[in-house]
file protein-v9.cif (mmCIF, C-alpha atoms)
data_input
#
loop_
_atom_site.label_atom_id
_atom_site.label_comp_id
_atom_site.auth_asym_id
_atom_site.auth_seq_id
_atom_site.Cartn_x
_atom_site.Cartn_y
_atom_site.Cartn_z
CA MET I 217 0.35 26.44 13.76
CA PRO I 218 -1.52 29.30 12.02
CA MET I 219 -0.81 28.10 8.47
CA ILE I 220 -2.05 24.56 9.20
CA GLU I 221 -5.13 25.87 11.01
CA ALA I 222 -5.87 28.13 8.05
CA ALA I 223 -5.56 25.18 5.66
CA PHE I 224 -7.90 23.09 7.84
CA SER I 225 -10.51 25.86 7.93
CA HIS I 226 -11.12 25.60 4.19
CA LEU I 227 -11.53 21.83 4.18
CA PRO I 228 -14.91 20.07 4.34
CA ALA I 229 -16.25 18.85 7.68
CA LEU I 230 -17.03 15.26 8.60
CA GLU I 231 -20.75 15.53 9.21
CA PRO I 232 -22.85 13.42 11.63
CA GLY I 233 -24.44 10.44 9.90
CA SER I 234 -21.81 10.29 7.17
CA VAL I 235 -18.78 8.12 6.41
CA TRP I 236 -15.36 9.05 5.10
CA LEU I 237 -13.34 6.28 3.44
CA VAL I 238 -9.81 7.46 4.11
CA GLY I 239 -6.41 6.25 2.96
CA ALA I 240 -3.76 6.27 5.71
CA GLY I 241 -0.83 5.88 3.32
CA PRO I 242 1.88 3.21 3.57
CA GLY I 243 2.64 3.72 7.26
CA GLU I 244 4.50 6.93 8.06
CA PRO I 245 1.97 9.27 9.77
CA GLY I 246 3.54 12.26 8.01
CA LEU I 247 2.23 10.89 4.72
CA LEU I 248 -1.40 11.37 5.78
CA THR I 249 -3.17 14.08 3.81
CA LEU I 250 -4.47 17.21 5.53
CA LEU I 251 -8.02 16.03 4.87
CA ALA I 252 -7.30 12.66 6.48
CA ALA I 253 -5.85 14.37 9.56
CA LYS I 254 -8.86 16.68 9.80
CA GLY I 255 -11.23 13.74 9.54
CA LEU I 256 -9.40 11.92 12.32
CA ALA I 257 -9.69 15.00 14.53
CA GLU I 258 -13.47 15.16 13.95
CA ALA I 259 -14.58 11.51 13.84
CA ASP I 260 -16.73 9.99 16.58
CA VAL I 261 -15.70 6.50 15.44
CA VAL I 262 -12.59 5.35 13.56
CA VAL I 263 -12.94 1.90 11.99
CA HIS I 264 -9.40 0.92 11.07
CA ASP I 265 -7.53 -1.80 9.23
CA ALA I 266 -4.69 -4.00 10.48
CA LEU I 267 -2.14 -2.22 8.30
CA VAL I 268 -2.82 1.23 9.71
CA ASN I 269 0.15 2.47 11.74
CA ALA I 270 -0.82 2.92 15.40
CA ASP I 271 0.81 6.35 15.31
CA CYS I 272 -1.79 7.46 12.77
CA LEU I 273 -4.52 6.58 15.24
CA LYS I 274 -2.97 8.97 17.77
CA LEU I 275 -4.34 11.79 15.62
CA ALA I 276 -7.89 10.70 16.41
CA ARG I 277 -9.98 12.72 18.86
CA PRO I 278 -9.16 11.64 22.45
CA ASP I 279 -12.75 10.53 23.03
CA ALA I 280 -13.21 8.84 19.65
CA LEU I 281 -14.11 5.16 19.57
CA LEU I 282 -11.44 3.10 17.79
CA GLU I 283 -12.81 -0.07 16.22
CA TYR I 284 -10.48 -2.68 14.76
CA ALA I 285 -11.66 -4.24 11.52
CA GLY I 286 -8.44 -5.74 10.21
CA LYS I 287 -8.26 -8.45 7.60
CA ARG I 288 -4.98 -10.41 7.43
CA GLY I 289 -4.43 -13.40 5.19
CA GLY I 290 -4.56 -16.72 7.01
CA LYS I 291 -5.75 -15.17 10.27
CA PRO I 292 -9.24 -14.89 11.78
CA SER I 293 -10.81 -11.64 10.63
CA ALA I 294 -14.13 -9.94 10.14
CA LYS I 295 -16.09 -10.65 6.97
CA GLN I 296 -16.10 -7.79 4.49
CA ARG I 297 -19.89 -7.60 4.34
CA ASP I 298 -20.04 -7.28 8.14
CA ILE I 299 -17.52 -4.44 8.09
CA SER I 300 -19.48 -2.62 5.42
CA LEU I 301 -22.76 -3.01 7.31
CA ARG I 302 -21.10 -1.81 10.51
CA LEU I 303 -20.31 1.47 8.76
CA VAL I 304 -23.99 1.76 7.84
CA GLU I 305 -25.05 1.02 11.42
CA LEU I 306 -22.75 3.65 12.89
CA ALA I 307 -23.79 6.30 10.39
CA ARG I 308 -27.48 5.63 11.00
CA ALA I 309 -26.80 6.18 14.71
CA GLY I 310 -25.72 9.72 13.82
CA LYS I 311 -22.00 9.14 14.25
CA ARG I 312 -19.24 10.82 12.31
CA VAL I 313 -17.57 7.72 10.89
CA LEU I 314 -14.06 7.51 9.51
CA ARG I 315 -13.06 4.26 7.84
CA LEU I 316 -9.25 4.29 7.90
CA LYS I 317 -7.54 1.97 5.44
CA GLY I 318 -3.86 1.37 4.76
CA GLY I 319 -2.57 2.93 1.56
CA ASP I 320 -5.38 4.12 -0.71
CA PRO I 321 -8.94 2.84 -0.21
CA PHE I 322 -9.42 2.29 -3.95
CA VAL I 323 -6.15 0.41 -4.60
CA PHE I 324 -6.69 -3.23 -3.55
CA GLY I 325 -8.33 -1.86 -0.39
CA ARG I 326 -11.97 -2.90 -0.87
CA GLY I 327 -12.98 0.72 -0.57
CA GLY I 328 -15.16 0.32 -3.63
CA GLU I 329 -17.11 -2.52 -1.98
CA GLU I 330 -17.69 -0.47 1.16
CA ALA I 331 -18.73 2.60 -0.82
CA LEU I 332 -21.24 0.56 -2.81
CA THR I 333 -22.79 -0.67 0.44
CA LEU I 334 -23.11 2.91 1.64
CA VAL I 335 -24.81 3.84 -1.63
CA GLU I 336 -27.16 0.86 -1.25
CA HIS I 337 -28.24 2.18 2.16
CA ASN I 338 -28.33 5.89 1.22
CA ILE I 339 -25.45 6.85 3.53
CA PRO I 340 -23.57 10.01 2.49
CA PHE I 341 -19.85 9.40 2.07
CA ARG I 342 -16.59 10.94 0.89
CA ILE I 343 -13.48 9.29 -0.53
CA VAL I 344 -10.19 10.63 0.82
CA PRO I 345 -7.38 9.14 -1.28
CA GLY I 346 -4.13 8.05 0.34
CA ILE I 347 -0.61 7.36 -0.89
CA THR I 348 -0.63 3.75 -2.01
CA ALA I 349 2.24 1.50 -0.88
CA GLY I 350 3.05 0.60 -4.48
CA ILE I 351 4.20 4.19 -5.00
CA GLY I 352 4.96 5.69 -1.58
CA GLY I 353 6.37 2.52 -0.04
CA LEU I 354 8.74 2.03 -2.95
CA ALA I 355 9.76 5.69 -2.79
CA TYR I 356 10.86 5.13 0.82
CA ALA I 357 13.05 2.29 -0.47
CA GLY I 358 14.58 4.57 -3.12
CA ILE I 359 12.80 2.82 -6.00
CA PRO I 360 10.77 4.97 -8.43
CA VAL I 361 7.92 3.20 -10.19
CA THR I 362 8.75 5.13 -13.38
CA HIS I 363 11.97 6.54 -14.78
CA ARG I 364 12.16 7.88 -18.31
CA ASP I 365 15.37 5.99 -19.09
CA VAL I 366 13.84 2.69 -17.92
CA ASN I 367 10.06 2.48 -18.38
CA HIS I 368 7.03 4.31 -19.66
CA ALA I 369 4.47 1.96 -18.15
CA VAL I 370 3.85 0.20 -14.86
CA THR I 371 1.34 -2.49 -13.87
CA PHE I 372 -0.13 -2.97 -10.40
CA LEU I 373 -1.25 -6.48 -9.43
CA THR I 374 -2.63 -8.20 -6.37
CA GLY I 375 -0.88 -11.37 -5.28
CA HIS I 376 -4.09 -13.06 -4.18
CA ASP I 377 -7.83 -12.78 -4.73
CA SER I 378 -10.70 -12.95 -2.22
CA SER I 379 -10.20 -16.72 -1.88
CA GLY I 380 -6.54 -16.28 -0.92
CA ILE I 381 -5.01 -17.73 -4.08
CA VAL I 382 -3.18 -16.16 -7.02
CA PRO I 383 -5.91 -14.73 -9.30
CA ASP I 384 -6.72 -16.92 -12.32
CA ALA I 385 -7.88 -13.92 -14.34
CA ILE I 386 -4.41 -12.37 -14.62
CA ASN I 387 -2.99 -12.55 -18.14
CA TRP I 388 0.60 -13.30 -17.16
CA GLU I 389 1.88 -13.40 -20.72
CA ALA I 390 0.47 -9.97 -21.55
CA ILE I 391 1.87 -8.44 -18.36
CA ALA I 392 5.26 -10.15 -18.65
CA LYS I 393 5.71 -8.95 -22.22
CA GLY I 394 3.93 -5.60 -22.02
CA SER I 395 4.85 -4.03 -18.67
CA PRO I 396 8.49 -3.16 -17.98
CA VAL I 397 7.75 -2.64 -14.28
CA ILE I 398 5.37 -4.80 -12.24
CA VAL I 399 4.32 -3.84 -8.71
CA ILE I 400 2.63 -6.62 -6.73
CA TYR I 401 0.65 -6.24 -3.51
CA MET I 402 0.17 -9.08 -1.02
CA ALA I 403 2.54 -11.35 -2.92
CA MET I 404 5.01 -12.84 -0.40
CA LYS I 405 2.94 -15.92 0.37
CA HIS I 406 2.64 -16.85 -3.30
CA ILE I 407 5.96 -15.55 -4.62
CA SER I 408 7.02 -19.01 -5.83
CA GLN I 409 4.00 -19.33 -8.11
CA ILE I 410 4.16 -15.71 -9.20
CA SER I 411 7.85 -16.01 -10.13
CA ARG I 412 7.17 -19.22 -12.08
CA ASN I 413 4.25 -17.60 -13.90
CA LEU I 414 6.30 -14.56 -14.95
CA ILE I 415 9.32 -16.60 -16.09
CA ALA I 416 7.09 -19.03 -18.00
CA ALA I 417 5.45 -16.05 -19.67
CA GLY I 418 8.80 -14.77 -20.90
CA ARG I 419 10.23 -12.63 -18.11
CA SER I 420 14.00 -12.92 -17.63
CA PRO I 421 15.00 -15.09 -14.64
CA THR I 422 17.76 -12.57 -13.86
CA GLU I 423 15.49 -9.52 -13.74
CA PRO I 424 15.88 -7.46 -10.53
CA VAL I 425 13.23 -7.84 -7.83
CA ALA I 426 12.82 -5.98 -4.55
CA PHE I 427 10.69 -6.73 -1.50
CA VAL I 428 9.92 -3.73 0.71
CA CYS I 429 8.56 -4.86 4.09
CA SER I 430 6.81 -2.52 6.56
CA ALA I 431 7.41 0.28 4.08
CA SER I 432 8.00 3.83 5.36
CA THR I 433 7.99 2.76 9.02
CA GLY I 434 10.86 2.38 11.48
CA ASP I 435 10.74 -1.37 10.79
CA GLN I 436 11.23 -1.04 7.03
CA GLN I 437 13.46 -3.71 5.46
CA VAL I 438 14.37 -4.14 1.82
CA LEU I 439 15.48 -7.32 0.07
CA GLU I 440 16.97 -7.13 -3.43
CA THR I 441 17.31 -10.27 -5.51
CA ILE I 442 16.46 -11.61 -8.99
CA LEU I 443 13.25 -13.20 -10.20
CA ALA I 444 14.48 -16.80 -10.33
CA GLU I 445 15.93 -16.59 -6.81
CA ALA I 446 13.10 -14.60 -5.23
CA PRO I 447 11.39 -17.53 -3.43
CA SER I 448 14.60 -18.86 -1.88
CA ALA I 449 15.83 -15.36 -1.03
CA VAL I 450 12.61 -14.55 0.83
CA ALA I 451 12.71 -17.87 2.70
CA ALA I 452 16.32 -17.31 3.74
CA SER I 453 15.73 -13.70 4.79
CA GLY I 454 13.01 -14.46 7.32
CA LEU I 455 11.15 -11.33 6.23
CA GLU I 456 7.41 -11.18 6.88
CA PRO I 457 4.49 -9.28 5.35
CA PRO I 458 3.25 -6.64 4.91
CA ALA I 459 5.38 -6.21 1.84
CA ILE I 460 5.24 -4.64 -1.58
CA VAL I 461 7.10 -6.37 -4.43
CA VAL I 462 8.51 -4.71 -7.54
CA VAL I 463 9.89 -6.44 -10.62
CA GLY I 464 11.91 -4.48 -13.15
CA GLU I 465 15.05 -2.54 -13.95
CA VAL I 466 13.92 0.36 -11.73
CA VAL I 467 15.09 -1.74 -8.78
CA ARG I 468 18.69 -0.95 -9.80
CA LEU I 469 18.02 2.74 -9.16
CA ARG I 470 18.02 2.01 -5.44
CA GLN I 471 21.81 2.05 -5.57
CA SER I 472 21.53 5.76 -6.34
CA LEU I 473 18.23 6.78 -4.74
CA ASP I 474 18.20 5.02 -1.36
CA TRP I 475 17.84 8.32 0.47
CA LEU I 476 17.04 6.67 3.80
CA GLY I 477 20.19 4.60 3.51
CA ALA I 478 22.16 7.74 2.70
CA LEU I 479 20.91 9.35 5.90
CA ALA I 480 22.39 6.34 7.73
CA GLY I 481 25.71 6.64 5.92
CA ARG I 482 25.26 4.66 2.72
CA ARG I 483 27.29 6.00 -0.21
CA LEU I 484 25.01 6.44 -3.21
CA ARG I 485 26.17 5.76 -6.76
CA PRO I 486 25.64 8.29 -9.57
CA ASP I 487 25.38 5.52 -12.21
CA PRO I 488 23.17 2.66 -10.97
CA PHE I 489 23.33 0.73 -14.24
CA ARG I 490 27.12 0.48 -14.44
CA ASP I 491 27.16 -2.85 -12.57
CA SER I 492 24.06 -4.87 -13.41
CA ASN I 493 24.98 -7.65 -10.97
CA SER I 494 24.80 -5.61 -7.73
CA ARG I 495 22.31 -7.00 -5.23
CA GLU I 496 21.98 -6.64 -1.48
CA THR I 497 19.80 -6.79 1.58
CA ALA I 498 19.44 -3.62 3.62
#
call {"tool": "encode", "arguments": {"input": "protein-v9.cif", "output": "structure tokens"}}
result
Amino acid sequence: MPMIEAAFSHLPALEPGSVWLVGAGPGEPGLLTLLAAKGLAEADVVVHDALVNADCLKLARPDALLEYAGKRGGKPSAKQRDISLRLVELARAGKRVLRLKGGDPFVFGRGGEEALTLVEHNIPFRIVPGITAGIGGLAYAGIPVTHRDVNHAVTFLTGHDSSGIVPDAINWEAIAKGSPVIVIYMAMKHISQISRNLIAAGRSPTEPVAFVCSASTGDQQVLETILAEAPSAVAASGLEPPAIVVVGEVVRLRQSLDWLGALAGRRLRPDPFRDSNSRETA
């Protein structure tokens, strides 16, 4: 299409011997940026994560080498240092290297670690931001991370650190009392502890919680519950990661803003806060 080609022509080129750290968004290929799509069309090698939708990889050059470098909790995976050094190796071989990461490379994506390794080895690089799942994935579930009648702040957390456990450094009391909306990445495995921590720190046991699994893809599923019942609700649902978790009153807005559900026939409500006890799985 002429307009798209014209837009591409003004974008920077992925040069030989350089690396682009690119965010693929939450899953839907249409959420890739123009710059990400251009990089995929030019890359000699695409080093991609486990959470990257296979349909996004179809935008790569037909002769491009696709290298899997996924890291999934509890499963055998490459060490982060090895992945970073592989990017250096490929760039030094004169390749156009695109490192494709789910969501945004700088939001719990270890993009900063990889970029620092490139700096250490004098490899030119570019950061191409992506739509992070904590915003885009929730939008596909009809849940805004901010709404002026509900919250003026939001906190993003990771559900586990590099050792695979809930981070000790999180100040649960400060977050529970200070952030009306909490968005948690990689939290399903530790949701029991996370729920206990938040309730012990003062969060209401009846506060709405939503789990959005495989966000923005054809496999998307959404579970709505309350904080105290979140562990049992997840266990009963049989849902599996990847998932993004949101805690806060914005979850109630899904009754009115579930636009995907509306396309499938769901009747949306103009006043989502009229019945504060409405919960469902969709």
call {"tool": "closest_residue", "arguments": {"input": "protein-v9.cif", "among": "I:Val344, I:Val461, I:Ala431, I:Ala426", "to": "Tyr401 in chain I", "atoms": "only C-alpha atoms"}}
result
I:Val461
call {"tool": "residues_near_point", "arguments": {"input": "protein-v9.cif", "point": "(-12.3, 12.9, 21.6)", "cutoff": "12 Å", "atoms": "all atoms listed in the file", "output": "list in words"}}
result
Leu256, Ala257, Glu258, Ala259, Asp260, Val261, Val262, Leu273, Lys274, Leu275, Ala276, Arg277, Pro278, Asp279, Ala280, Leu281, Leu282 and Arg312 of chain I
call {"tool": "atom_distance", "arguments": {"input": "protein-v9.cif", "atom1": "CA of Pro321 in chain I", "atom2": "CA of Val238 in chain I"}}
result
6.4 Å
call {"tool": "residues_around", "arguments": {"input": "protein-v9.cif", "residues": "range 294-303 of chain I", "least_positions_apart": "3", "cutoff": "8 Å", "atoms": "all atoms listed in the file", "output": "NGL selection string"}}
result
:I and (235 or 285-287 or 306-307 or 313 or 315 or 329-330 or 333-334)
call {"tool": "write_last_selection", "arguments": {"input": "protein-v9.cif", "atoms": "C-alpha atoms", "output": "PDB file, in the coordinates of the input"}}
result
ATOM      1  CA  VAL I 235     -18.780   8.120   6.410  1.00  0.00           C
ATOM      2  CA  ALA I 285     -11.660  -4.240  11.520  1.00  0.00           C
ATOM      3  CA  GLY I 286      -8.440  -5.740  10.210  1.00  0.00           C
ATOM      4  CA  LYS I 287      -8.260  -8.450   7.600  1.00  0.00           C
ATOM      5  CA  LEU I 306     -22.750   3.650  12.890  1.00  0.00           C
ATOM      6  CA  ALA I 307     -23.790   6.300  10.390  1.00  0.00           C
ATOM      7  CA  VAL I 313     -17.570   7.720  10.890  1.00  0.00           C
ATOM      8  CA  ARG I 315     -13.060   4.260   7.840  1.00  0.00           C
ATOM      9  CA  GLU I 329     -17.110  -2.520  -1.980  1.00  0.00           C
ATOM     10  CA  GLU I 330     -17.690  -0.470   1.160  1.00  0.00           C
ATOM     11  CA  THR I 333     -22.790  -0.670   0.440  1.00  0.00           C
ATOM     12  CA  LEU I 334     -23.110   2.910   1.640  1.00  0.00           C
TER      13      LEU I 334
END
call {"tool": "residues_around", "arguments": {"input": "protein-v9.cif", "residues": "range 363-378 of chain I", "least_positions_apart": "6", "cutoff": "6 Å", "atoms": "all atoms listed in the file", "output": "list in words"}}
result
Ser395, Pro396, Val397, Ile398, Val399, Ile400, Tyr401, Met402 and Ala403 of chain I
call {"tool": "atom_distance", "arguments": {"input": "protein-v9.cif", "atom1": "CA of Gly358 in chain I", "atom2": "CA of Ser432 in chain I"}}
result
10.8 Å
